[in-house]
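With CSV, N, CA and C atoms inside, this is data11.csv:
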```csv
chain,number,residue,atom,x,y,z
A,1,MET,N,99.1,108.9,67.4
A,1,MET,CA,98.3,108.9,68.6
A,1,MET,C,98.9,109.8,69.6
A,2,SER,N,98.1,110.5,70.3
A,2,SER,CA,98.6,111.5,71.3
A,2,SER,C,98.3,110.9,72.7
A,3,LYS,N,99.2,111.2,73.6
A,3,LYS,CA,99.1,110.7,75.0
A,3,LYS,C,98.2,111.6,75.8
A,4,ARG,N,97.3,111.1,76.6
A,4,ARG,CA,96.5,111.9,77.4
A,4,ARG,C,97.2,112.2,78.7
A,5,GLY,N,96.8,113.3,79.3
A,5,GLY,CA,97.4,113.6,80.6
A,5,GLY,C,96.7,112.7,81.7
A,6,LYS,N,97.2,112.8,82.9
A,6,LYS,CA,96.6,112.0,84.0
A,6,LYS,C,95.2,112.4,84.2
A,7,THR,N,94.3,111.5,84.1
A,7,THR,CA,92.9,111.7,84.3
A,7,THR,C,92.5,111.1,85.6
A,8,THR,N,91.5,111.7,86.3
A,8,THR,CA,91.0,111.2,87.5
A,8,THR,C,89.7,110.6,87.3
A,9,LEU,N,89.5,109.4,87.7
A,9,LEU,CA,88.2,108.7,87.6
A,9,LEU,C,87.5,109.0,88.9
A,10,LYS,N,86.2,109.4,88.8
A,10,LYS,CA,85.4,109.7,89.9
A,10,LYS,C,84.1,109.0,89.9
A,11,PHE,N,83.8,108.2,90.9
A,11,PHE,CA,82.6,107.4,91.1
A,11,PHE,C,81.9,107.8,92.3
A,12,THR,N,80.6,107.8,92.3
A,12,THR,CA,79.8,108.1,93.5
A,12,THR,C,78.9,106.9,93.8
A,13,ILE,N,78.6,106.7,95.1
A,13,ILE,CA,77.7,105.8,95.6
A,13,ILE,C,76.7,106.5,96.5
A,14,ASP,N,75.4,106.6,96.0
A,14,ASP,CA,74.4,107.4,96.8
A,14,ASP,C,73.7,106.4,97.8
A,15,CYS,N,74.0,106.7,99.0
A,15,CYS,CA,73.4,105.9,100.1
A,15,CYS,C,72.3,106.6,100.9
A,16,SER,N,71.7,107.6,100.3
A,16,SER,CA,70.8,108.5,101.0
A,16,SER,C,69.6,107.8,101.6
A,17,THR,N,69.0,106.9,100.9
A,17,THR,CA,67.8,106.3,101.4
A,17,THR,C,68.1,105.4,102.7
A,18,PRO,N,69.0,104.5,102.7
A,18,PRO,CA,69.3,103.7,103.9
A,18,PRO,C,69.9,104.5,105.0
A,19,VAL,N,70.7,105.6,104.7
A,19,VAL,CA,71.3,106.4,105.8
A,19,VAL,C,70.2,107.2,106.5
A,20,GLU,N,69.2,107.7,105.7
A,20,GLU,CA,68.1,108.5,106.3
A,20,GLU,C,67.2,107.6,107.2
A,21,ASP,N,67.1,106.3,106.9
A,21,ASP,CA,66.4,105.4,107.7
A,21,ASP,C,67.2,104.8,108.8
A,22,PHE,N,68.4,105.2,109.0
A,22,PHE,CA,69.3,104.7,110.0
A,22,PHE,C,69.6,103.2,109.9
A,23,VAL,N,69.6,102.7,108.7
A,23,VAL,CA,69.8,101.3,108.4
A,23,VAL,C,71.3,101.1,108.1
A,24,LEU,N,72.0,102.1,107.5
A,24,LEU,CA,73.3,101.9,107.1
A,24,LEU,C,74.2,103.1,107.7
A,25,ASN,N,75.4,102.7,108.2
A,25,ASN,CA,76.3,103.7,108.7
A,25,ASN,C,77.3,104.0,107.6
A,26,ILE,N,77.3,105.3,107.1
A,26,ILE,CA,78.1,105.7,106.0
A,26,ILE,C,79.6,105.6,106.3
A,27,SER,N,80.0,105.9,107.6
A,27,SER,CA,81.4,105.9,108.0
A,27,SER,C,81.9,104.5,108.0
A,28,ASP,N,81.1,103.5,108.3
A,28,ASP,CA,81.5,102.1,108.3
A,28,ASP,C,81.8,101.6,106.8
A,29,PHE,N,80.9,102.1,106.0
A,29,PHE,CA,81.0,101.7,104.5
A,29,PHE,C,82.3,102.3,103.9
A,30,GLU,N,82.5,103.6,104.3
A,30,GLU,CA,83.8,104.3,103.8
A,30,GLU,C,85.0,103.5,104.3
A,31,LEU,N,85.0,103.2,105.6
A,31,LEU,CA,86.2,102.4,106.1
A,31,LEU,C,86.3,101.1,105.5
A,32,TYR,N,85.2,100.4,105.2
A,32,TYR,CA,85.3,99.1,104.5
A,32,TYR,C,85.9,99.2,103.1
A,33,LEU,N,85.5,100.3,102.4
A,33,LEU,CA,86.1,100.5,101.0
A,33,LEU,C,87.6,100.8,101.1
A,34,LYS,N,88.0,101.6,102.1
A,34,LYS,CA,89.4,102.0,102.3
A,34,LYS,C,90.2,100.7,102.6
A,35,GLN,N,89.7,99.8,103.3
A,35,GLN,CA,90.4,98.6,103.7
A,35,GLN,C,90.4,97.6,102.6
A,36,ARG,N,89.4,97.5,101.7
A,36,ARG,CA,89.3,96.4,100.7
A,36,ARG,C,89.7,96.8,99.3
A,37,ILE,N,89.7,98.0,98.9
A,37,ILE,CA,90.1,98.4,97.5
A,37,ILE,C,91.6,97.9,97.3
A,38,LYS,N,91.8,97.2,96.3
A,38,LYS,CA,93.1,96.7,96.0
A,38,LYS,C,93.8,97.6,95.0
A,39,VAL,N,95.1,97.9,95.3
A,39,VAL,CA,96.0,98.6,94.5
A,39,VAL,C,97.3,97.8,94.4
A,40,ASP,N,97.7,97.4,93.2
A,40,ASP,CA,98.8,96.6,93.0
A,40,ASP,C,98.7,95.2,93.7
A,41,ASN,N,97.5,94.7,93.6
A,41,ASN,CA,97.2,93.4,94.3
A,41,ASN,C,97.3,93.3,95.8
A,42,LYS,N,97.2,94.5,96.4
A,42,LYS,CA,97.3,94.5,97.9
A,42,LYS,C,96.1,95.4,98.4
A,43,ALA,N,95.3,94.7,99.3
A,43,ALA,CA,94.1,95.4,99.8
A,43,ALA,C,94.6,96.5,100.8
A,44,GLY,N,93.9,97.6,100.8
A,44,GLY,CA,94.2,98.7,101.8
A,44,GLY,C,95.4,99.5,101.4
A,45,ASN,N,96.0,99.3,100.2
A,45,ASN,CA,97.2,99.9,99.8
A,45,ASN,C,96.8,101.1,98.9
A,46,LEU,N,96.0,102.1,99.4
A,46,LEU,CA,95.5,103.1,98.5
A,46,LEU,C,96.6,104.2,98.2
A,47,GLY,N,97.4,104.6,99.1
A,47,GLY,CA,98.4,105.5,98.9
A,47,GLY,C,97.9,106.8,98.3
A,48,ASP,N,98.5,107.4,97.3
A,48,ASP,CA,98.1,108.6,96.6
A,48,ASP,C,97.2,108.3,95.4
A,49,SER,N,96.9,107.0,95.1
A,49,SER,CA,96.2,106.7,93.9
A,49,SER,C,94.7,106.7,94.0
A,50,VAL,N,94.2,106.3,95.2
A,50,VAL,CA,92.7,106.2,95.3
A,50,VAL,C,92.3,107.0,96.6
A,51,PHE,N,91.3,107.8,96.5
A,51,PHE,CA,90.7,108.5,97.6
A,51,PHE,C,89.3,108.2,97.8
A,52,VAL,N,88.9,107.9,99.0
A,52,VAL,CA,87.5,107.5,99.4
A,52,VAL,C,87.1,108.5,100.4
A,53,SER,N,86.0,109.2,100.2
A,53,SER,CA,85.4,110.2,101.1
A,53,SER,C,83.9,110.2,101.0
A,54,HIS,N,83.3,110.8,102.0
A,54,HIS,CA,81.8,111.0,101.9
A,54,HIS,C,81.5,112.4,102.3
A,55,GLU,N,80.4,112.8,101.6
A,55,GLU,CA,79.8,114.1,101.9
A,55,GLU,C,78.4,113.9,102.1
A,56,GLY,N,78.0,113.9,103.4
A,56,GLY,CA,76.6,113.6,103.7
A,56,GLY,C,76.4,112.1,103.4
A,57,PRO,N,75.3,111.8,102.7
A,57,PRO,CA,75.0,110.3,102.5
A,57,PRO,C,75.6,109.8,101.2
A,58,LYS,N,76.5,110.6,100.5
A,58,LYS,CA,77.1,110.1,99.3
A,58,LYS,C,78.6,109.8,99.5
A,59,LEU,N,79.0,108.7,99.0
A,59,LEU,CA,80.4,108.3,99.0
A,59,LEU,C,81.0,108.6,97.7
A,60,THR,N,82.2,109.1,97.7
A,60,THR,CA,82.9,109.4,96.5
A,60,THR,C,84.3,108.7,96.4
A,61,VAL,N,84.5,108.0,95.3
A,61,VAL,CA,85.8,107.3,95.1
A,61,VAL,C,86.5,107.9,93.9
A,62,ALA,N,87.6,108.6,94.2
A,62,ALA,CA,88.4,109.2,93.1
A,62,ALA,C,89.7,108.4,92.9
A,63,SER,N,90.0,108.1,91.7
A,63,SER,CA,91.2,107.3,91.4
A,63,SER,C,92.0,107.9,90.3
A,64,LYS,N,93.4,107.8,90.5
A,64,LYS,CA,94.3,108.2,89.4
A,64,LYS,C,94.7,107.1,88.6
A,65,ILE,N,94.4,105.9,89.1
A,65,ILE,CA,94.8,104.6,88.3
A,65,ILE,C,93.5,104.0,87.8
A,66,PRO,N,93.6,103.1,86.8
A,66,PRO,CA,92.4,102.5,86.3
A,66,PRO,C,91.6,101.7,87.4
A,67,LEU,N,90.4,102.0,87.6
A,67,LEU,CA,89.5,101.4,88.6
A,67,LEU,C,88.2,101.2,87.9
A,68,SER,N,87.7,100.0,88.0
A,68,SER,CA,86.4,99.7,87.3
A,68,SER,C,85.2,100.0,88.2
A,69,LYS,N,84.2,100.5,87.6
A,69,LYS,CA,82.9,100.8,88.3
A,69,LYS,C,82.3,99.5,88.9
A,70,ARG,N,82.5,98.4,88.1
A,70,ARG,CA,81.9,97.1,88.5
A,70,ARG,C,82.6,96.6,89.7
A,71,TYR,N,83.9,96.9,90.0
A,71,TYR,CA,84.6,96.5,91.2
A,71,TYR,C,84.0,97.2,92.4
A,72,LEU,N,83.6,98.4,92.3
A,72,LEU,CA,82.9,99.1,93.4
A,72,LEU,C,81.6,98.5,93.7
A,73,LYS,N,80.9,98.1,92.6
A,73,LYS,CA,79.6,97.4,92.9
A,73,LYS,C,79.8,96.1,93.6
A,74,TYR,N,80.8,95.3,93.2
A,74,TYR,CA,81.2,94.1,93.9
A,74,TYR,C,81.5,94.3,95.4
A,75,LEU,N,82.3,95.3,95.7
A,75,LEU,CA,82.6,95.6,97.0
A,75,LEU,C,81.4,96.1,97.8
A,76,SER,N,80.6,96.9,97.2
A,76,SER,CA,79.3,97.3,97.9
A,76,SER,C,78.4,96.2,98.2
A,77,LYS,N,78.3,95.2,97.3
A,77,LYS,CA,77.5,94.1,97.6
A,77,LYS,C,78.1,93.2,98.7
A,78,ARG,N,79.4,93.1,98.8
A,78,ARG,CA,80.1,92.4,99.8
A,78,ARG,C,79.8,93.0,101.2
A,79,PHE,N,79.9,94.4,101.2
A,79,PHE,CA,79.6,95.1,102.4
A,79,PHE,C,78.2,94.9,102.9
A,80,LEU,N,77.2,94.9,102.0
A,80,LEU,CA,75.8,94.7,102.3
A,80,LEU,C,75.7,93.3,102.9
A,81,LYS,N,76.3,92.3,102.3
A,81,LYS,CA,76.2,90.9,102.8
A,81,LYS,C,76.8,90.8,104.2
A,82,LYS,N,78.0,91.4,104.4
A,82,LYS,CA,78.6,91.4,105.7
A,82,LYS,C,77.7,92.0,106.8
A,83,SER,N,77.0,93.1,106.4
A,83,SER,CA,76.2,93.8,107.3
A,83,SER,C,74.8,93.2,107.4
A,84,GLN,N,74.6,92.1,106.7
A,84,GLN,CA,73.3,91.4,106.7
A,84,GLN,C,72.2,92.3,106.1
A,85,LEU,N,72.5,93.1,105.2
A,85,LEU,CA,71.5,94.0,104.5
A,85,LEU,C,71.3,93.6,103.1
A,86,ARG,N,71.9,92.6,102.6
A,86,ARG,CA,71.9,92.2,101.2
A,86,ARG,C,70.4,91.8,100.8
A,87,ASP,N,69.7,91.3,101.7
A,87,ASP,CA,68.3,90.8,101.4
A,87,ASP,C,67.3,92.0,101.3
A,88,TYR,N,67.7,93.2,101.7
A,88,TYR,CA,66.8,94.3,101.7
A,88,TYR,C,67.3,95.4,100.8
A,89,LEU,N,68.6,95.5,100.5
A,89,LEU,CA,69.1,96.6,99.6
A,89,LEU,C,69.7,96.0,98.4
A,90,ARG,N,69.7,96.8,97.3
A,90,ARG,CA,70.4,96.4,96.1
A,90,ARG,C,71.2,97.6,95.6
A,91,VAL,N,72.1,97.3,94.7
A,91,VAL,CA,73.0,98.3,94.2
A,91,VAL,C,72.6,98.5,92.7
A,92,VAL,N,72.2,99.7,92.4
A,92,VAL,CA,71.6,100.0,91.0
A,92,VAL,C,72.4,101.2,90.4
A,93,ALA,N,72.7,101.1,89.2
A,93,ALA,CA,73.4,102.2,88.5
A,93,ALA,C,72.4,103.3,88.2
A,94,ASN,N,72.8,104.5,88.6
A,94,ASN,CA,71.9,105.7,88.4
A,94,ASN,C,72.5,106.7,87.4
A,95,SER,N,73.8,106.5,87.0
A,95,SER,CA,74.4,107.3,86.0
A,95,SER,C,75.6,106.5,85.5
A,96,LYS,N,76.3,107.1,84.6
A,96,LYS,CA,77.5,106.4,84.0
A,96,LYS,C,78.6,106.2,85.0
A,97,THR,N,78.7,107.1,86.0
A,97,THR,CA,79.7,107.1,87.0
A,97,THR,C,79.2,106.9,88.4
A,98,GLY,N,78.0,106.4,88.6
A,98,GLY,CA,77.5,106.3,89.9
A,98,GLY,C,76.5,105.1,90.2
A,99,TYR,N,76.5,104.8,91.4
A,99,TYR,CA,75.5,103.7,91.9
A,99,TYR,C,74.6,104.3,93.0
A,100,GLU,N,73.5,103.6,93.2
A,100,GLU,CA,72.6,104.1,94.2
A,100,GLU,C,72.1,102.8,95.0
A,101,LEU,N,72.0,102.9,96.3
A,101,LEU,CA,71.5,101.8,97.1
A,101,LEU,C,70.0,102.0,97.2
A,102,LYS,N,69.2,101.0,96.8
A,102,LYS,CA,67.8,101.1,96.8
A,102,LYS,C,67.2,99.9,97.6
A,103,TYR,N,66.0,100.1,98.1
A,103,TYR,CA,65.3,98.9,98.7
A,103,TYR,C,64.7,98.1,97.6
A,104,TYR,N,64.5,96.8,97.9
A,104,TYR,CA,63.8,96.0,97.0
A,104,TYR,C,62.3,96.3,97.2
A,105,LYS,N,61.6,96.2,96.1
A,105,LYS,CA,60.1,96.5,96.1
A,105,LYS,C,59.4,95.2,96.6
A,106,ILE,N,58.7,95.2,97.7
A,106,ILE,CA,58.1,94.1,98.2
A,106,ILE,C,56.6,94.3,98.2
A,107,ALA,N,55.8,93.5,97.6
A,107,ALA,CA,54.3,93.6,97.5
A,107,ALA,C,53.8,93.3,98.9
A,108,ASP,N,52.8,94.1,99.3
A,108,ASP,CA,52.2,93.8,100.6
A,108,ASP,C,51.3,92.6,100.5
A,109,ALA,N,51.5,91.6,101.4
A,109,ALA,CA,50.7,90.4,101.5
A,109,ALA,C,49.3,90.7,102.1
A,110,GLY,N,49.2,91.8,102.9
A,110,GLY,CA,48.0,92.2,103.6
A,110,GLY,C,46.9,92.7,102.6
A,111,ASP,N,47.3,93.3,101.5
A,111,ASP,CA,46.3,93.8,100.5
A,111,ASP,C,45.7,92.6,99.7
A,112,ALA,N,46.4,91.5,99.6
A,112,ALA,CA,45.9,90.4,98.7
A,112,ALA,C,45.0,89.4,99.5
A,113,GLU,N,44.8,89.6,100.8
A,113,GLU,CA,44.0,88.7,101.5
A,113,GLU,C,42.5,88.9,101.1
A,114,ASP,N,41.8,87.8,101.1
A,114,ASP,CA,40.4,87.8,100.8
A,114,ASP,C,39.6,88.1,102.1
A,115,ASP,N,38.6,88.9,102.0
A,115,ASP,CA,37.7,89.1,103.2
A,115,ASP,C,36.6,88.1,103.2
A,116,GLU,N,36.5,87.4,104.3
A,116,GLU,CA,35.5,86.4,104.3
A,116,GLU,C,34.4,86.7,105.3
```
Please express what this file holds, its structure, as structure tokens.
Amino acid sequence: MSKRGKTTLKFTIDCSTPVEDFVLNISDFELYLKQRIKVDNKAGNLGDSVFVSHEGPKLTVASKIPLSKRYLKYLSKRFLKKSQLRDYLRVVANSKTGYELKYYKIADAGDAEDDE
């Protein structure tokens, strides 16, 4: 077996839809992730291991240590719950290394009314 060199894991969270609608503040989301991601069982202990940044409406999390994509989904859902947006937005995988925040599809009740 051969040893691999240091690999960097890179995950993206696409928040373009809620950011364009001024529902979500990307800077607050970035700060939340920086404070909550645990390294060596300590929250906010990112050091040189994990980097969180945003370019426009996309958040990028790069890690030199093992970090699960599912953990980022968990933290994203907690942020949405804290911001009281969990009832309107959901976290959906859009690629092998990324998530996207989407609105729930809600059927219009006005179209279903009977005209009397």
Of the listed residues A:Leu33, A:Val50, A:Ala43, A:Leu80, that which approaches Ser63 of chain A most closely, counting only N, CA and C atoms: A:Val50
Between atom CA of Lys38 of chain A and atom CA of Phe11 of chain A, distance in Å (one decimal): 15.8 Å
Residue contacts of Tyr71 of chain A (10 Å, only C-alpha atoms) excluding same-chain residues fewer than 4 positions away, as a PyMOL selection string: chain A and resi 37-38+67+75-77
Would you save the residues of that selection, restricted to N, CA and C atoms, as a tab-separated table (two decimals), keeping the file's coordinate frame?
```tsv
chain	number	residue	atom	x	y	z
A	37	ILE	N	89.70	98.00	98.90
A	37	ILE	CA	90.10	98.40	97.50
A	37	ILE	C	91.60	97.90	97.30
A	38	LYS	N	91.80	97.20	96.30
A	38	LYS	CA	93.10	96.70	96.00
A	38	LYS	C	93.80	97.60	95.00
A	67	LEU	N	90.40	102.00	87.60
A	67	LEU	CA	89.50	101.40	88.60
A	67	LEU	C	88.20	101.20	87.90
A	75	LEU	N	82.30	95.30	95.70
A	75	LEU	CA	82.60	95.60	97.00
A	75	LEU	C	81.40	96.10	97.80
A	76	SER	N	80.60	96.90	97.20
A	76	SER	CA	79.30	97.30	97.90
A	76	SER	C	78.40	96.20	98.20
A	77	LYS	N	78.30	95.20	97.30
A	77	LYS	CA	77.50	94.10	97.60
A	77	LYS	C	78.10	93.20	98.70
```
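Across the structure, atom N of Ser95 of chain A and atom N of Tyr32 of chain A are spaced 22.3 Å apart.
In this comparison, which uses only N, CA and C atoms, the residue of A:Thr60, A:Asn41, A:Thr12, A:Thr7 approaching Lys96 of chain A most closely is A:Thr12.
The list of residues with at least one atom within 8 Å of Gly98 of chain A, based on only N, CA and C atoms and without residues fewer than 3 positions apart in the same chain, reads Lys10, Phe11, Thr12, Ile13, Asp14, Lys69, Val92, Ala93, Asn94, Ser95 and Leu101 of chain A.
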All strand (DSSP E) positions in chain A, as a PyMOL selection string: chain A and resi 9-14+38-39+42-43+50-55+58-63+89-95+98-103
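The gap separating atom CA of Lys102 of chain A from atom N of Gly56 of chain A is 17.6 Å, in Å to one decimal.
Minimum atom-to-atom distance to Ser53 of chain A, evaluated using only N, CA and C atoms, belongs to A:Glu30 out of A:Pro66, A:Thr8, A:Arg86, A:Glu30.
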